[in-house]
>>> print(open('final.txt').read())   # compact mmCIF, C-alpha atoms
# COMPACT_ATOMS: atom_id res chain seq x y z
CA MET N 17 85.13 72.09 88.08
CA VAL N 18 83.97 75.19 89.92
CA ASN N 19 86.56 77.91 90.56
CA GLU N 20 87.89 77.36 94.08
CA GLN N 21 91.04 79.49 93.89
CA LYS N 22 91.27 82.73 95.88
CA LEU N 23 90.03 85.44 93.57
CA PRO N 24 91.00 89.14 93.72
CA PRO N 25 88.44 91.52 95.29
CA VAL N 26 86.98 92.48 91.88
CA GLY N 27 83.42 92.86 93.19
CA GLU N 28 84.43 95.06 96.11
CA LEU N 29 86.62 97.28 93.91
CA ALA N 30 83.83 97.57 91.32
CA ILE N 31 81.39 98.72 94.03
CA LEU N 32 83.98 101.24 95.26
CA THR N 33 84.45 102.54 91.69
CA MET N 34 80.68 102.84 91.30
CA THR N 35 80.38 104.72 94.61
CA LEU N 36 83.08 107.22 93.56
CA VAL N 37 81.49 107.82 90.14
CA VAL N 38 78.01 108.23 91.62
CA SER N 39 79.32 110.60 94.34
CA GLY N 40 81.00 112.78 91.71
CA GLY N 41 77.84 112.76 89.61
CA ILE N 42 75.67 113.79 92.57
CA TYR N 43 78.09 116.59 93.47
CA MET N 44 78.02 117.98 89.92
CA ALA N 45 74.25 117.56 89.48
CA ALA N 46 73.67 119.37 92.80
CA HIS N 47 75.47 122.48 91.42
CA ILE N 48 74.02 122.56 87.89
CA PRO N 49 72.99 125.03 86.39
CA ASP N 50 75.33 127.20 88.54
CA ASP N 51 79.13 127.01 88.26
CA VAL N 52 80.36 123.58 89.29
CA PRO N 53 83.59 123.46 91.35
CA THR N 54 85.48 120.74 89.46
CA LEU N 55 88.29 119.91 91.89
CA LEU N 56 86.41 117.31 93.94
CA PRO N 57 84.61 115.59 91.02
CA THR N 58 87.90 115.50 89.07
CA ALA N 59 89.64 113.81 91.99
CA LEU N 60 86.78 111.32 92.39
CA THR N 61 86.72 110.52 88.66
CA VAL N 62 90.50 110.05 88.45
CA LEU N 63 90.45 107.83 91.53
CA ALA N 64 87.59 105.78 90.05
CA ALA N 65 89.50 105.40 86.77
CA VAL N 66 92.65 104.23 88.60
CA ILE N 67 90.70 101.69 90.68
CA LEU N 68 88.93 100.44 87.54
CA ALA N 69 92.28 100.00 85.78
CA VAL N 70 93.71 98.14 88.78
CA ASN N 71 90.62 95.94 88.83
CA VAL N 72 90.98 95.07 85.13
CA VAL N 73 94.66 94.17 85.67
CA LEU N 74 93.87 92.05 88.76
CA LEU N 75 91.13 90.16 86.92
CA SER N 76 93.22 89.65 83.77
CA ARG N 77 95.87 87.89 85.87
CA VAL N 78 93.43 85.20 87.03
CA LYS N 79 94.41 82.00 85.23
CA ASN N 80 91.62 79.51 85.85
CA PHE N 81 88.38 81.37 85.31
CA ALA N 82 85.16 80.86 83.33
CA TRP N 83 86.19 83.44 80.72
CA PRO N 84 83.54 82.46 78.10
CA ILE N 85 80.75 83.09 80.64
CA PHE N 86 82.45 86.31 81.77
CA ARG N 87 82.61 87.56 78.17
CA GLN N 88 78.97 86.59 77.57
CA VAL N 89 77.62 88.43 80.62
CA ALA N 90 79.97 91.41 80.33
CA GLY N 91 79.25 91.72 76.60
CA TRP N 92 75.48 91.87 77.00
CA SER N 93 75.81 94.21 80.00
CA LEU N 94 78.10 96.47 77.97
CA VAL N 95 75.40 96.75 75.30
CA GLY N 96 72.69 97.56 77.87
CA TYR N 97 74.61 99.96 80.07
CA GLY N 98 76.36 101.47 77.04
CA VAL N 99 72.91 102.45 75.72
CA ILE N 100 71.92 103.91 79.12
CA SER N 101 75.20 105.88 79.41
CA GLY N 102 74.82 107.07 75.81
CA LEU N 103 71.30 108.32 76.50
CA LEU N 104 72.43 110.25 79.59
CA LEU N 105 75.36 111.72 77.65
CA TRP N 106 73.06 112.79 74.82
CA VAL N 107 70.69 114.54 77.25
CA PHE N 108 73.58 116.37 78.95
CA ILE N 109 74.92 117.50 75.54
CA ARG N 110 71.45 118.77 74.57
CA ASP N 111 71.32 120.80 77.77
CA ALA N 112 74.49 122.65 76.76
CA ILE N 113 76.39 121.85 79.95
CA PRO N 114 79.77 123.70 80.12
CA ASN N 115 82.71 121.88 78.52
CA ASP N 116 84.72 121.17 81.68
CA VAL N 117 81.71 119.68 83.48
CA MET N 118 80.66 117.82 80.31
CA THR N 119 84.11 116.24 80.05
CA LEU N 120 83.88 115.03 83.64
CA LEU N 121 80.35 113.69 83.15
CA ALA N 122 81.41 111.90 79.94
CA ALA N 123 84.43 110.36 81.69
CA SER N 124 82.20 109.25 84.59
CA LEU N 125 79.71 107.65 82.21
CA VAL N 126 82.47 105.81 80.33
CA ILE N 127 83.84 104.46 83.63
CA PHE N 128 80.29 103.47 84.63
CA ALA N 129 79.65 101.71 81.30
CA VAL N 130 82.86 99.65 81.62
CA ASN N 131 82.71 99.03 85.38
CA ILE N 132 79.18 97.56 85.49
CA PRO N 133 79.83 94.85 82.84
CA LEU N 134 83.10 93.96 84.60
CA HIS N 135 81.22 93.60 87.91
CA PHE N 136 78.32 91.59 86.46
CA GLY N 137 80.62 89.32 84.42
CA PHE N 138 82.77 88.57 87.47
CA ALA N 139 79.77 88.06 89.78
CA VAL N 140 78.42 85.34 87.49
CA ALA N 141 81.63 83.74 86.18
CA ARG N 142 83.17 83.23 89.63
CA PHE N 143 80.58 80.53 90.37
CA GLN N 144 80.82 78.84 86.98
CA PRO N 145 82.89 75.75 86.19
CA VAL N 146 86.29 76.42 84.63
CA GLU N 147 86.60 74.75 81.25
CA SER N 148 89.72 72.63 81.06
CA MET Y 13 70.13 58.55 107.22
CA GLU Y 14 68.18 61.71 106.68
CA HIS Y 15 70.27 64.88 106.72
CA THR Y 16 68.81 68.39 106.84
CA GLN Y 17 70.42 71.41 105.20
CA THR Y 18 69.27 74.90 106.18
CA ILE Y 19 69.25 77.91 103.89
CA PRO Y 20 68.70 81.18 105.79
CA GLY Y 21 65.14 82.44 105.45
CA ALA Y 22 63.98 79.34 103.64
CA PRO Y 23 62.43 76.00 104.56
CA PRO Y 24 65.01 73.26 105.13
CA ILE Y 25 66.04 71.05 102.24
CA THR Y 26 66.16 67.41 103.19
CA HIS Y 27 68.75 65.33 101.39
CA GLY Y 28 67.20 62.25 100.00
CA GLU Y 29 64.26 64.23 98.66
CA ALA Y 30 64.12 64.76 94.92
CA ALA Y 31 66.03 67.90 93.84
CA PRO Y 32 63.78 70.70 92.55
CA ALA Y 33 62.90 70.27 88.88
CA ILE Y 34 64.11 73.29 86.93
CA PRO Y 35 61.93 74.43 84.02
CA SER Y 36 63.68 75.62 80.87
CA PHE Y 37 64.04 79.38 80.74
CA GLU Y 38 65.87 82.20 78.97
CA ILE Y 39 68.21 84.35 81.07
CA ILE Y 40 67.36 87.33 78.85
CA PRO Y 41 63.79 87.03 77.51
CA VAL Y 42 64.41 87.80 73.84
CA LYS Y 43 60.72 88.53 73.19
CA GLY Y 44 60.96 91.49 75.57
CA ILE Y 45 63.82 93.22 73.72
CA PRO Y 46 61.52 94.91 71.12
CA LEU Y 47 59.49 96.36 74.01
CA VAL Y 48 62.68 97.78 75.54
CA ALA Y 49 63.62 99.27 72.15
CA LEU Y 50 60.11 100.75 71.89
CA ALA Y 51 60.44 102.37 75.34
CA ILE Y 52 63.84 103.87 74.42
CA ILE Y 53 62.51 105.17 71.07
CA GLY Y 54 59.50 106.66 72.89
CA LEU Y 55 61.83 108.33 75.38
CA ILE Y 56 64.00 109.83 72.61
CA ALA Y 57 60.85 111.06 70.81
CA ALA Y 58 59.58 112.68 74.02
CA ILE Y 59 62.90 114.50 74.56
CA VAL Y 60 63.22 115.64 70.93
CA SER Y 61 59.59 116.84 70.85
CA GLU Y 62 60.18 118.95 74.00
CA GLU Y 63 56.48 118.41 74.78
CA LEU Y 64 55.82 118.82 78.51
CA TRP Y 65 53.13 116.11 78.47
CA ALA Y 66 55.40 113.55 76.76
CA LEU Y 67 58.26 114.16 79.21
CA GLU Y 68 55.88 114.11 82.18
CA PHE Y 69 54.31 110.89 80.90
CA ALA Y 70 57.66 109.13 80.44
CA HIS Y 71 58.97 110.24 83.84
CA VAL Y 72 55.82 109.57 85.85
CA VAL Y 73 54.92 106.23 84.23
CA ALA Y 74 58.44 104.77 84.36
CA GLY Y 75 59.15 106.27 87.79
CA GLY Y 76 55.82 105.09 89.20
CA LEU Y 77 56.43 101.56 87.93
CA TRP Y 78 60.02 101.57 89.23
CA THR Y 79 58.91 102.77 92.68
CA GLY Y 80 55.89 100.45 92.81
CA ILE Y 81 57.81 97.37 91.67
CA ASP Y 82 60.68 98.06 94.09
CA LEU Y 83 58.25 98.43 97.00
CA PHE Y 84 56.20 95.39 95.97
CA VAL Y 85 59.19 93.12 95.37
CA GLY Y 86 61.11 94.32 98.41
CA LEU Y 87 58.32 94.29 100.94
CA ILE Y 88 55.76 91.76 99.62
CA ILE Y 89 57.32 89.31 97.12
CA GLY Y 90 60.72 89.06 98.85
CA PRO Y 91 59.51 87.79 102.23
CA ILE Y 92 57.07 85.38 100.52
CA LEU Y 93 59.82 84.08 98.23
CA GLY Y 94 62.07 83.35 101.18
CA ARG Y 95 59.43 81.06 102.70
CA LEU Y 96 58.48 79.08 99.60
CA SER Y 97 59.51 75.46 99.16
CA PRO Y 98 62.68 74.94 97.07
CA GLN Y 99 60.53 73.77 94.13
CA GLY Y 100 58.23 76.79 94.45
CA ARG Y 101 61.18 79.17 94.66
CA VAL Y 102 62.77 77.66 91.56
CA GLU Y 103 59.50 77.79 89.60
CA PHE Y 104 58.92 81.42 90.59
CA SER Y 105 62.52 82.56 90.11
CA THR Y 106 62.95 81.08 86.64
CA ARG Y 107 59.84 82.94 85.45
CA PHE Y 108 60.22 86.16 87.41
CA MET Y 109 63.92 87.01 87.48
CA PRO Y 110 64.62 87.00 83.71
CA LYS Y 111 61.86 89.58 83.27
CA MET Y 112 63.49 91.77 85.93
CA VAL Y 113 66.80 91.66 84.00
CA LEU Y 114 65.15 93.62 81.16
CA LEU Y 115 62.44 95.54 82.98
CA MET Y 116 64.27 97.31 85.79
CA PRO Y 117 67.22 98.83 83.87
CA THR Y 118 64.73 100.07 81.24
CA LEU Y 119 62.48 101.71 83.84
CA VAL Y 120 65.44 103.26 85.65
CA ALA Y 121 66.95 104.63 82.42
CA VAL Y 122 63.64 106.12 81.20
CA THR Y 123 62.88 107.64 84.62
CA LEU Y 124 66.28 109.30 85.04
CA VAL Y 125 66.72 110.57 81.49
CA ALA Y 126 63.11 111.84 81.24
CA GLY Y 127 63.34 113.30 84.75
CA TRP Y 128 66.48 115.31 83.97
CA SER Y 129 64.93 116.61 80.73
CA LEU Y 130 61.68 117.43 82.53
CA ALA Y 131 63.49 119.34 85.28
CA ASN Y 132 65.28 121.39 82.61
CA HIS Y 133 62.06 121.96 80.68
CA THR Y 134 60.10 123.17 83.71
CA GLY Y 135 63.04 125.10 85.17
CA ASP Y 136 62.96 123.06 88.39
CA ILE Y 137 66.66 122.30 87.94
CA ALA Y 138 67.42 126.04 88.25
CA VAL Y 139 65.54 126.56 91.51
CA MET Y 140 67.70 128.14 94.23
CA TYR Y 141 68.77 126.59 97.52
CA PRO Y 142 67.24 125.80 100.05
CA ASP Y 143 64.48 124.44 97.74
CA HIS Y 144 67.20 122.91 95.55
CA TRP Y 145 67.98 120.57 98.46
CA TRP Y 146 64.89 118.56 97.46
CA LEU Y 147 66.51 117.90 94.06
CA THR Y 148 69.86 117.15 95.66
CA ALA Y 149 68.13 114.76 98.07
CA SER Y 150 66.55 112.96 95.12
CA PHE Y 151 70.00 112.63 93.46
CA ILE Y 152 71.44 111.20 96.69
CA VAL Y 153 68.58 108.70 97.13
CA VAL Y 154 68.83 107.57 93.49
CA GLY Y 155 72.62 107.34 93.80
CA ILE Y 156 72.45 105.10 96.88
CA MET Y 157 69.73 102.96 95.30
CA SER Y 158 71.76 102.56 92.10
CA VAL Y 159 74.84 101.41 94.02
CA ILE Y 160 72.72 98.86 95.93
CA ALA Y 161 70.87 97.70 92.80
CA LEU Y 162 73.90 97.50 90.51
CA GLY Y 163 76.38 96.46 93.17
CA PHE Y 164 74.38 93.76 94.96
CA LEU Y 165 70.87 93.10 93.60
CA GLU Y 166 71.45 92.69 89.87
CA PRO Y 167 74.66 90.60 90.14
CA ALA Y 168 72.86 88.26 92.57
CA ASN Y 169 69.91 88.04 90.18
CA LEU Y 170 72.17 87.09 87.24
CA ALA Y 171 74.28 84.67 89.29
CA VAL Y 172 71.13 82.81 90.45
CA LEU Y 173 69.87 82.50 86.88
CA PHE Y 174 73.20 81.11 85.65
CA GLU Y 175 73.38 78.74 88.64
CA LEU Y 176 69.90 77.45 87.80
CA LYS Y 177 71.12 76.70 84.26
CA LYS Y 178 73.68 74.22 85.60
CA PRO Y 179 72.85 70.48 85.40
CA GLN Y 180 73.24 70.31 89.20
CA PRO Y 181 72.62 73.72 90.80
CA ASP Y 182 74.05 74.37 94.26
CA PRO Y 183 71.06 75.00 96.59
CA GLU Y 184 73.27 76.58 99.26
CA LEU Y 185 74.71 79.09 96.78
CA ILE Y 186 71.25 79.89 95.40
CA GLY Y 187 69.95 80.43 98.94
CA ARG Y 188 72.84 82.77 99.76
CA LEU Y 189 72.39 84.79 96.56
CA MET Y 190 68.60 84.93 96.93
CA LYS Y 191 69.04 86.23 100.48
CA ARG Y 192 71.27 89.00 99.12
CA PHE Y 193 68.70 89.74 96.38
CA VAL Y 194 65.79 89.92 98.85
CA TYR Y 195 67.69 92.14 101.35
CA ALA Y 196 68.86 94.49 98.57
CA ALA Y 197 65.31 94.67 97.17
CA GLY Y 198 63.99 95.40 100.68
CA ILE Y 199 66.45 98.25 101.23
CA THR Y 200 65.72 99.85 97.84
CA GLY Y 201 62.01 99.35 98.53
CA VAL Y 202 62.23 101.30 101.79
CA MET Y 203 64.35 103.99 100.09
CA GLN Y 204 61.63 104.37 97.47
CA LEU Y 205 59.42 105.75 100.26
CA ALA Y 206 61.88 108.67 100.42
CA THR Y 207 61.59 109.05 96.64
CA LEU Y 208 57.80 109.28 96.94
CA ILE Y 209 58.07 112.04 99.58
CA ILE Y 210 60.66 114.01 97.58
CA MET Y 211 58.88 113.72 94.22
CA THR Y 212 55.45 114.66 95.53
CA ARG Y 213 57.07 117.63 97.28
CA ILE Y 214 58.80 118.80 94.07
CA ALA Y 215 55.62 118.31 92.03
CA THR Y 216 53.64 120.58 94.35
CA TRP Y 217 56.03 123.45 95.18
>>> encode(input="final.txt", output="structure tokens")
Amino acid sequence: MVNEQKLPPVGELAILTMTLVVSGGIYMAAHIPDDVPTLLPTALTVLAAVILAVNVVLLSRVKNFAWPIFRQVAGWSLVGYGVISGLLLWVFIRDAIPNDVMTLLAASLVIFAVNIPLHFGFAVARFQPVES
Amino acid sequence: MEHTQTIPGAPPITHGEAAPAIPSFEIIPVKGIPLVALAIIGLIAAIVSEELWALEFAHVVAGGLWTGIDLFVGLIIGPILGRLSPQGRVEFSTRFMPKMVLLMPTLVAVTLVAGWSLANHTGDIAVMYPDHWWLTASFIVVGIMSVIALGFLEPANLAVLFELKKPQPDPELIGRLMKRFVYAAGITGVMQLATLIIMTRIATW
């Protein structure tokens, strides 16, 4: 049986989270190597983290869902995008970026690495049959 | 009675006709994983070596392939794919889309990581405004493309592949997701033209 219940807006919230993280990243990258004003990127990162948390809670409350498929897709995506985030983090650390900016970049990359698997897993599992 | 079902951008599917035969395929082509690992190891070696040529090679090769593939898929393959017969689309998609699952994230990762390292190595990252706007413009273009690719294109790609794995795939759903894939690929393809302008400008200042 394919999932026909009304699902929470997980995809839309994931895209919003992604947009906030990317906007913060662009803002910081546009200032490096000069001093980066951290107020705006901090606000964007915190907002992205809150929306991601809300999204996880909303999805976890869905009863009838193809969870095995979700875990399969999200798991593989976590490996892939975890490697990509790790590489970017490593390059930023090598470039001796100041601690406050580095913390924000690391937080953004962690949000990114969790948000993408959530989005991909949901995008696939929502069309899959729910195992009884 | 013959009944016709229309999928946007695709030839009509007539009920009563045999459903498209779906060849067996892997969603993630396992044979390609060592090549991805090799590309990542090569990238790390280029960064650790701090050799200008190695960084330039990684950035230009991966970036050129990323740009070229985005343009080719978005502007050439996409419109052709939308006009193929259901059987042709299935045959092409099951062979083409799994490769994209591995290829594109690898090219994007190598391009961005090598590009950042290269800009630091050459000192381009430290250039003052207004010239720095070219770099900022490249960040904005890549940011928008990544939201489109990760938000719309890649999820549609994966959802189509999983749908095709079902015993009875839903042609209407596949058509809808393929339309999203083709539009997203077209938009990123057009945005890659901006990348070409920005990158050739930065390379020659």
>>> interface_residues(input="final.txt", of="chain Y", to="chain N", cutoff="7 Å", atoms="only C-alpha atoms", output="number ranges by chain")
Y: 121, 125, 138, 148, 151-152, 155, 159, 163, 167, 170-171, 174
>>> closest_residue(input="final.txt", among="N:Val26, N:Pro114, N:Val146, N:Ala129", to="Val70 (chain N)", atoms="only C-alpha atoms")
N:Val26
>>> residues_near_point(input="final.txt", point="(64.7, 76.1, 85.8)", cutoff="7 Å", atoms="all atoms listed in the file", output="ChimeraX atom specification")
/Y:33-37,102-103,106,176-177
>>> residues_around(input="final.txt", residues="Asp82 (chain Y)", least_positions_apart="6", cutoff="7 Å", atoms="all atoms listed in the file", output="MDAnalysis selection string")
chainID Y and resid 197 200:201
>>> write_last_selection(input="final.txt", atoms="C-alpha atoms", output="CSV table (one decimal), in the frame of the given file")
chain,number,residue,atom,x,y,z
Y,197,ALA,CA,65.3,94.7,97.2
Y,200,THR,CA,65.7,99.8,97.8
Y,201,GLY,CA,62.0,99.4,98.5
>>> atom_distance(input="final.txt", atom1="CA of Thr54 (chain N)", atom2="CA of Ala206 (chain Y)")
28.7 Å
>>> residues_around(input="final.txt", residues="region 62-68 of chain Y", least_positions_apart="2", cutoff="9 Å", atoms="only C-alpha atoms", output="count of residues only")
16
>>> residues_around(input="final.txt", residues="region 58-60 of chain N", least_positions_apart="3", cutoff="9 Å", atoms="all atoms listed in the file", output="count of residues only")
10
>>> atom_distance(input="final.txt", atom1="CA of Leu165 (chain Y)", atom2="CA of Phe193 (chain Y)")
4.9 Å
>>> atom_distance(input="final.txt", atom1="CA of Ile214 (chain Y)", atom2="CA of Val120 (chain Y)")
18.9 Å
>>> axis_aligned_box(input="final.txt", around="region 69-83 of chain N", padding_each_side="3 Å", output="AutoDock Vina command-line options")
--center_x 90.5 --center_y 89.8 --center_z 84.8 --size_x 16.7 --size_y 26.5 --size_z 14.1
>>> closest_residue(input="final.txt", among="N:Val117, N:Leu134, N:Ala112, N:Ala82", to="Val52 (chain N)", atoms="only C-alpha atoms")
N:Val117
>>> decode(input="final.txt", residues="region 93-105 of chain Y", atoms="N, CA and C atoms", output="PDB file, in the first residue's frame")
ATOM      1  N   LEU Y  93      14.894  13.530 -23.834  1.00  0.00           N
ATOM      2  CA  LEU Y  93      14.334  12.526 -22.916  1.00  0.00           C
ATOM      3  C   LEU Y  93      12.826  12.685 -22.777  1.00  0.00           C
ATOM      4  N   GLY Y  94      12.397  13.948 -22.705  1.00  0.00           N
ATOM      5  CA  GLY Y  94      10.965  14.215 -22.540  1.00  0.00           C
ATOM      6  C   GLY Y  94      10.129  13.767 -23.727  1.00  0.00           C
ATOM      7  N   ARG Y  95      10.754  13.567 -24.886  1.00  0.00           N
ATOM      8  CA  ARG Y  95      10.006  13.200 -26.092  1.00  0.00           C
ATOM      9  C   ARG Y  95      10.186  11.742 -26.505  1.00  0.00           C
ATOM     10  N   LEU Y  96      10.943  10.990 -25.694  1.00  0.00           N
ATOM     11  CA  LEU Y  96      11.122   9.572 -26.017  1.00  0.00           C
ATOM     12  C   LEU Y  96       9.851   8.792 -25.679  1.00  0.00           C
ATOM     13  N   SER Y  97       9.741   7.606 -26.257  1.00  0.00           N
ATOM     14  CA  SER Y  97       8.630   6.718 -25.905  1.00  0.00           C
ATOM     15  C   SER Y  97       8.838   6.254 -24.463  1.00  0.00           C
ATOM     16  N   PRO Y  98       7.763   5.826 -23.781  1.00  0.00           N
ATOM     17  CA  PRO Y  98       7.923   5.340 -22.402  1.00  0.00           C
ATOM     18  C   PRO Y  98       9.009   4.271 -22.292  1.00  0.00           C
ATOM     19  N   GLN Y  99       9.049   3.334 -23.246  1.00  0.00           N
ATOM     20  CA  GLN Y  99      10.070   2.270 -23.197  1.00  0.00           C
ATOM     21  C   GLN Y  99      11.478   2.860 -23.343  1.00  0.00           C
ATOM     22  N   GLY Y 100      11.607   3.803 -24.278  1.00  0.00           N
ATOM     23  CA  GLY Y 100      12.917   4.435 -24.493  1.00  0.00           C
ATOM     24  C   GLY Y 100      13.368   5.203 -23.259  1.00  0.00           C
ATOM     25  N   ARG Y 101      12.413   5.900 -22.639  1.00  0.00           N
ATOM     26  CA  ARG Y 101      12.741   6.695 -21.449  1.00  0.00           C
ATOM     27  C   ARG Y 101      13.202   5.788 -20.296  1.00  0.00           C
ATOM     28  N   VAL Y 102      12.483   4.663 -20.154  1.00  0.00           N
ATOM     29  CA  VAL Y 102      12.839   3.723 -19.085  1.00  0.00           C
ATOM     30  C   VAL Y 102      14.229   3.138 -19.342  1.00  0.00           C
ATOM     31  N   GLU Y 103      14.474   2.721 -20.581  1.00  0.00           N
ATOM     32  CA  GLU Y 103      15.775   2.127 -20.938  1.00  0.00           C
ATOM     33  C   GLU Y 103      16.899   3.127 -20.656  1.00  0.00           C
ATOM     34  N   PHE Y 104      16.685   4.381 -21.090  1.00  0.00           N
ATOM     35  CA  PHE Y 104      17.723   5.405 -20.912  1.00  0.00           C
ATOM     36  C   PHE Y 104      17.899   5.729 -19.428  1.00  0.00           C
ATOM     37  N   SER Y 105      16.786   5.934 -18.724  1.00  0.00           N
ATOM     38  CA  SER Y 105      16.854   6.371 -17.327  1.00  0.00           C
ATOM     39  C   SER Y 105      17.540   5.341 -16.442  1.00  0.00           C
TER      40      SER Y 105
END
